[in-house]
Amino acid sequence: MGKGNPFSFRRSNSTTTRRRKKTGESPLLTSEQSANAPSPSSPNNETVPAVAAARPVAVATAKPKKKAGGARLWMRFDRSGESELFECEKSTIIKRAGIPARDLRILGPVFSNSSNILAREKAMVVNLEDIKAIVTAEEVLLLDPLRQEVLPFVDQLRQQLSHKTNSSISGNRQLALRDMESNLSASGRWIPVPETSEGLQAELPFEFQVLEIALEVVCTYLDSSVADLERGAYPVLDELAKNVSTKNLERVRSLKSNLTRLLARVQKVRDELEHLLDDDEDMTQLYLTRKWLQNQQLEGLSGGVGSISFTNGAHHLSRLSSVKSGSMLTSANLNDVDVEDLEMLLEAYFMQLDGTRNKILSVREYIDDTEDYVNIQLDNQRNELIQLQLTLTIASFAIAFETLVAGLFGMNIPCDLYFIEGIFEPFVGALTVASIMLFMTVLGYARWKKLLGS
């Protein structure tokens with residue numbers, strides 16, 4: 001075809017490709033040569049290097065596979081209870097929450113049976129049973145929110161955050177006005193907080209609200225699981241005490257294994273709360289809103305508007321801003337170790353978990369008592385079998401004595417008794433009586449030695 005035909009270039013490429021396939025050359029070389037060829041649309045007929053042309057293609061094909069393999073489903077909750085469902089990679093979550101990569105591995109499937117509450121600089125990593133979340137001072141990032149076990153937490157989180165937001169709008173406005181009027185002097189320095197505002201400052205920080213909801217859901221689930229297990233345990237154990245059979249033993253074995261797994265789950269959550277209660281420094285690091293307000297105040301003070309900036313952020317932490325009469329709300333006060341709110345929160349759920357653990361231990365103790373009772377029954381039956389075996393052994397000894405005498409007279413030895421008429425019946429009777437007397441004598445001796453029961 002002529003040079004002006006636009007399809008001549010494509011035919012040349014296809015012909016070249018077929019030739020390369022016949023000669024065994026790589027198709028990539030053909031694309032490189034095509035890339036090196038001058039483009040008709042280029043005014044200067046500049047050539048593009050083959051490596052530069054091939055490199056973007058390799059990157060473009062590798063990126064989607066990497067994104068598809070690392071993206072996971074997350075749900076975001078803000079302070080007002082508004083939620084957003086999205087998919088993102090680990091690197092995005094790490095940059096957004098400001099946590100190390102190892103914390104995301106804690107939220108992975110490898111540590112699915114563990115319970116952890118970790119404090120970081122700007123976030124709190126919560127891994128309680130099936131609830132895996134990253135909590136900051138402003139939002140919650142929940143992993144796998146559509147799982148059946150996580151849906152109660154999602155519903156309760158949305159409901160309580162929305163309810164608290166609507167109910168605290170008026171209180172926060174009054175608190176902000178009161179702080180502006182009574183706590184801020186003309187010179188910009190903070191003065192003591194009056195005790196009249198204590199009633200408006202009874203709300204936990206945002207991160208503790210989320211932690212409280214998570215602990216409530218987990219404790220309620222564990223308590224209900226223990227209650228269900230407890231209702232089914234006592235009838236099974238009573239049935240085993242009445243009738244020791246293979247079926248009842250298998251049911252008790254399954255019950256005991258479920259009880260052990262449930263006790264381990266309760267113990268992990270309880271140990272994590274106990275670890276936090278024993279370490280005031282870790283509890284201090286969990287005050288994310290306090291640290292956020294400190295940063296805001298420092299930034300405001302460096303810009304010359306520290307008091308106004310801090311007042312605008314006071315409604316995010318109303319309870320933390322409440323202090324006793326005569327105290328000063330300064331940066332030095334914020335640095336003090338004041339973990340009373342978190343300590344009371346953790347102690348409440350620690351006591352609830354301790355009660356759940358005591359219920360499990362009571363069921364386990366009942367199982368142990370039933371096993372002891374069954375073992376006593378089996379031992380009693382075993383003793384009765386041994387006594388019966390001993391009685392039969394004594395009877396066998398007496399019969400063996402009579403058989404011995406009969407065997408001796410059955411030999412072909414000359415004896416005068418063979419020629420006496422009518423001696424067989426008296427002789428057999430006397431021999432039987434002697435065997436019975438021997439049996440009674442040995443049996444009496446065994447009872448005298450308490451080898452047999454009365």
# chains A, B, ... in the order shown; residues from 1 in each chain; ligands from 1

$ residues_around --residues "A:Thr92" --least-positions-apart "5" --cutoff "12 Å" --atoms "only C-alpha atoms" --output "PyMOL selection string"
chain A and resi 67+70-72+74+86-87+97-101+104+141

$ atom_distance --atom1 "atom CA of A:Thr356" --atom2 "atom CA of A:Val226"
7.2 Å

$ residues_around --residues "A:Leu255" --least-positions-apart "5" --cutoff "9 Å" --atoms "only C-alpha atoms" --output "MDAnalysis selection string"
chainID A and resid 229 232:233 236 250 260

$ closest_atom_pairs --of "stretch 391-416 of chain A" --to "stretch 424-433 of chain A" --cutoff "12 Å" --atoms "only C-alpha atoms" --output "JSON lines"
{"residue": "A:Ala398", "atom": "CA", "partner": "A:Thr432", "partner_atom": "CA", "distance": 9.1}
{"residue": "A:Ile399", "atom": "CA", "partner": "A:Thr432", "partner_atom": "CA", "distance": 8.5}
{"residue": "A:Ala400", "atom": "CA", "partner": "A:Thr432", "partner_atom": "CA", "distance": 11.1}
{"residue": "A:Phe401", "atom": "CA", "partner": "A:Leu431", "partner_atom": "CA", "distance": 9.0}
{"residue": "A:Glu402", "atom": "CA", "partner": "A:Leu431", "partner_atom": "CA", "distance": 6.3}
{"residue": "A:Thr403", "atom": "CA", "partner": "A:Leu431", "partner_atom": "CA", "distance": 9.5}
{"residue": "A:Leu404", "atom": "CA", "partner": "A:Leu431", "partner_atom": "CA", "distance": 10.5}
{"residue": "A:Val405", "atom": "CA", "partner": "A:Leu431", "partner_atom": "CA", "distance": 8.0}
{"residue": "A:Ala406", "atom": "CA", "partner": "A:Val428", "partner_atom": "CA", "distance": 8.6}
{"residue": "A:Phe409", "atom": "CA", "partner": "A:Phe427", "partner_atom": "CA", "distance": 11.0}

$ closest_residue --among "A:Ala434, A:Ile423, A:Val210, A:Ile106" --to "A:Glu139" --atoms "only C-alpha atoms"
A:Val210

$ closest_residue --among "A:Leu263, A:Met440, A:Leu345, A:Leu276" --to "A:Ser362" --atoms "only C-alpha atoms"
A:Leu263

$ residues_around --residues "A:Glu347" --least-positions-apart "6" --cutoff "12 Å" --atoms "only C-alpha atoms" --output "PyMOL selection string"
chain A and resi 212+215+270+272-278+339-341+353-354

$ write_last_selection --atoms "all heavy atoms" --output "short mmCIF file (atom, residue, chain, number, x, y, z; two decimals), in the first residue's frame"
data_model
loop_
_atom_site.label_atom_id
_atom_site.label_comp_id
_atom_site.auth_asym_id
_atom_site.auth_seq_id
_atom_site.Cartn_x
_atom_site.Cartn_y
_atom_site.Cartn_z
N GLU A 212 -14.79 2.58 76.77
CA GLU A 212 -15.87 2.10 77.64
C GLU A 212 -16.89 1.28 76.86
O GLU A 212 -17.35 0.22 77.33
CB GLU A 212 -16.55 3.29 78.31
CG GLU A 212 -17.66 2.90 79.27
CD GLU A 212 -18.33 4.10 79.90
OE1 GLU A 212 -18.10 5.23 79.43
OE2 GLU A 212 -19.11 3.90 80.85
N LEU A 215 -15.26 -2.12 76.08
CA LEU A 215 -15.22 -2.98 77.26
C LEU A 215 -16.62 -3.46 77.64
O LEU A 215 -16.79 -4.62 78.07
CB LEU A 215 -14.59 -2.22 78.42
CG LEU A 215 -13.08 -1.97 78.34
CD1 LEU A 215 -12.63 -1.09 79.48
CD2 LEU A 215 -12.32 -3.28 78.35
N ARG A 270 -8.88 -9.65 81.47
CA ARG A 270 -8.69 -9.25 82.86
C ARG A 270 -7.23 -8.91 83.15
O ARG A 270 -6.93 -7.93 83.83
CB ARG A 270 -9.17 -10.37 83.79
CG ARG A 270 -9.00 -10.09 85.27
CD ARG A 270 -9.47 -11.28 86.10
NE ARG A 270 -9.25 -11.06 87.52
CZ ARG A 270 -8.10 -11.33 88.14
NH1 ARG A 270 -7.08 -11.82 87.44
NH2 ARG A 270 -7.97 -11.11 89.43
N GLU A 272 -5.02 -7.83 81.01
CA GLU A 272 -4.67 -6.58 80.35
C GLU A 272 -5.14 -5.37 81.17
O GLU A 272 -4.41 -4.39 81.32
CB GLU A 272 -5.29 -6.55 78.95
CG GLU A 272 -4.93 -5.33 78.13
CD GLU A 272 -3.46 -5.23 77.85
OE1 GLU A 272 -2.77 -6.27 77.86
OE2 GLU A 272 -2.97 -4.10 77.61
N LEU A 273 -6.35 -5.44 81.70
CA LEU A 273 -6.84 -4.35 82.55
C LEU A 273 -6.02 -4.25 83.84
O LEU A 273 -5.72 -3.15 84.31
CB LEU A 273 -8.32 -4.56 82.89
CG LEU A 273 -9.30 -4.53 81.71
CD1 LEU A 273 -10.73 -4.65 82.22
CD2 LEU A 273 -9.14 -3.27 80.88
N GLU A 274 -5.65 -5.38 84.39
CA GLU A 274 -4.83 -5.36 85.61
C GLU A 274 -3.45 -4.76 85.34
O GLU A 274 -2.91 -4.03 86.17
CB GLU A 274 -4.70 -6.79 86.15
CG GLU A 274 -3.99 -6.87 87.49
CD GLU A 274 -3.94 -8.29 88.02
OE1 GLU A 274 -4.30 -9.22 87.25
OE2 GLU A 274 -3.52 -8.48 89.17
N HIS A 275 -2.91 -5.07 84.16
CA HIS A 275 -1.62 -4.49 83.79
C HIS A 275 -1.71 -2.96 83.68
O HIS A 275 -0.80 -2.24 84.13
CB HIS A 275 -1.15 -5.09 82.47
CG HIS A 275 0.04 -4.41 81.89
ND1 HIS A 275 1.31 -4.52 82.42
CD2 HIS A 275 0.17 -3.59 80.81
CE1 HIS A 275 2.16 -3.81 81.71
NE2 HIS A 275 1.49 -3.23 80.72
N LEU A 276 -2.78 -2.47 83.10
CA LEU A 276 -2.95 -1.01 82.99
C LEU A 276 -3.16 -0.38 84.36
O LEU A 276 -2.64 0.71 84.63
CB LEU A 276 -4.13 -0.70 82.07
CG LEU A 276 -3.93 -0.95 80.58
CD1 LEU A 276 -5.22 -0.70 79.82
CD2 LEU A 276 -2.82 -0.08 80.02
N LEU A 277 -3.92 -1.02 85.23
CA LEU A 277 -4.17 -0.46 86.55
C LEU A 277 -2.91 -0.41 87.40
O LEU A 277 -2.79 0.45 88.28
CB LEU A 277 -5.25 -1.27 87.27
CG LEU A 277 -6.68 -1.12 86.74
CD1 LEU A 277 -7.61 -2.13 87.38
CD2 LEU A 277 -7.19 0.30 86.97
N ASP A 278 -1.98 -1.31 87.14
CA ASP A 278 -0.73 -1.33 87.92
C ASP A 278 0.30 -0.33 87.41
O ASP A 278 1.30 -0.09 88.09
CB ASP A 278 -0.13 -2.74 87.90
CG ASP A 278 -0.99 -3.73 88.66
OD1 ASP A 278 -1.78 -3.28 89.51
OD2 ASP A 278 -0.88 -4.94 88.40
N VAL A 339 -4.96 10.18 86.82
CA VAL A 339 -5.57 9.09 86.05
C VAL A 339 -6.80 8.56 86.78
O VAL A 339 -7.14 7.38 86.65
CB VAL A 339 -4.55 7.96 85.80
CG1 VAL A 339 -3.44 8.43 84.88
CG2 VAL A 339 -3.95 7.46 87.12
N GLU A 340 -7.44 9.41 87.55
CA GLU A 340 -8.57 8.95 88.36
C GLU A 340 -9.73 8.49 87.49
O GLU A 340 -10.36 7.45 87.77
CB GLU A 340 -9.02 10.07 89.29
CG GLU A 340 -10.16 9.67 90.22
CD GLU A 340 -10.59 10.82 91.11
OE1 GLU A 340 -9.99 11.90 91.02
OE2 GLU A 340 -11.54 10.62 91.88
N ASP A 341 -10.03 9.24 86.44
CA ASP A 341 -11.16 8.87 85.57
C ASP A 341 -10.94 7.52 84.92
O ASP A 341 -11.81 6.64 84.96
CB ASP A 341 -11.35 9.95 84.50
CG ASP A 341 -11.72 11.28 85.11
OD1 ASP A 341 -12.34 11.27 86.19
OD2 ASP A 341 -11.40 12.32 84.52
N LEU A 353 -15.26 -8.35 85.10
CA LEU A 353 -14.55 -9.51 84.56
C LEU A 353 -14.14 -10.46 85.66
O LEU A 353 -14.13 -11.69 85.46
CB LEU A 353 -13.32 -9.04 83.78
CG LEU A 353 -13.58 -8.38 82.43
CD1 LEU A 353 -12.31 -7.78 81.88
CD2 LEU A 353 -14.17 -9.38 81.44
N ASP A 354 -13.80 -9.92 86.82
CA ASP A 354 -13.45 -10.78 87.94
C ASP A 354 -14.66 -11.59 88.40
O ASP A 354 -14.53 -12.78 88.76
CB ASP A 354 -12.92 -9.93 89.08
CG ASP A 354 -12.14 -10.73 90.10
OD1 ASP A 354 -11.25 -11.49 89.69
OD2 ASP A 354 -12.43 -10.61 91.30
#

$ residues_around --residues "A:Leu143" --least-positions-apart "2" --cutoff "6 Å" --atoms "only C-alpha atoms" --output "PyMOL selection string"
chain A and resi 74+132-133+145
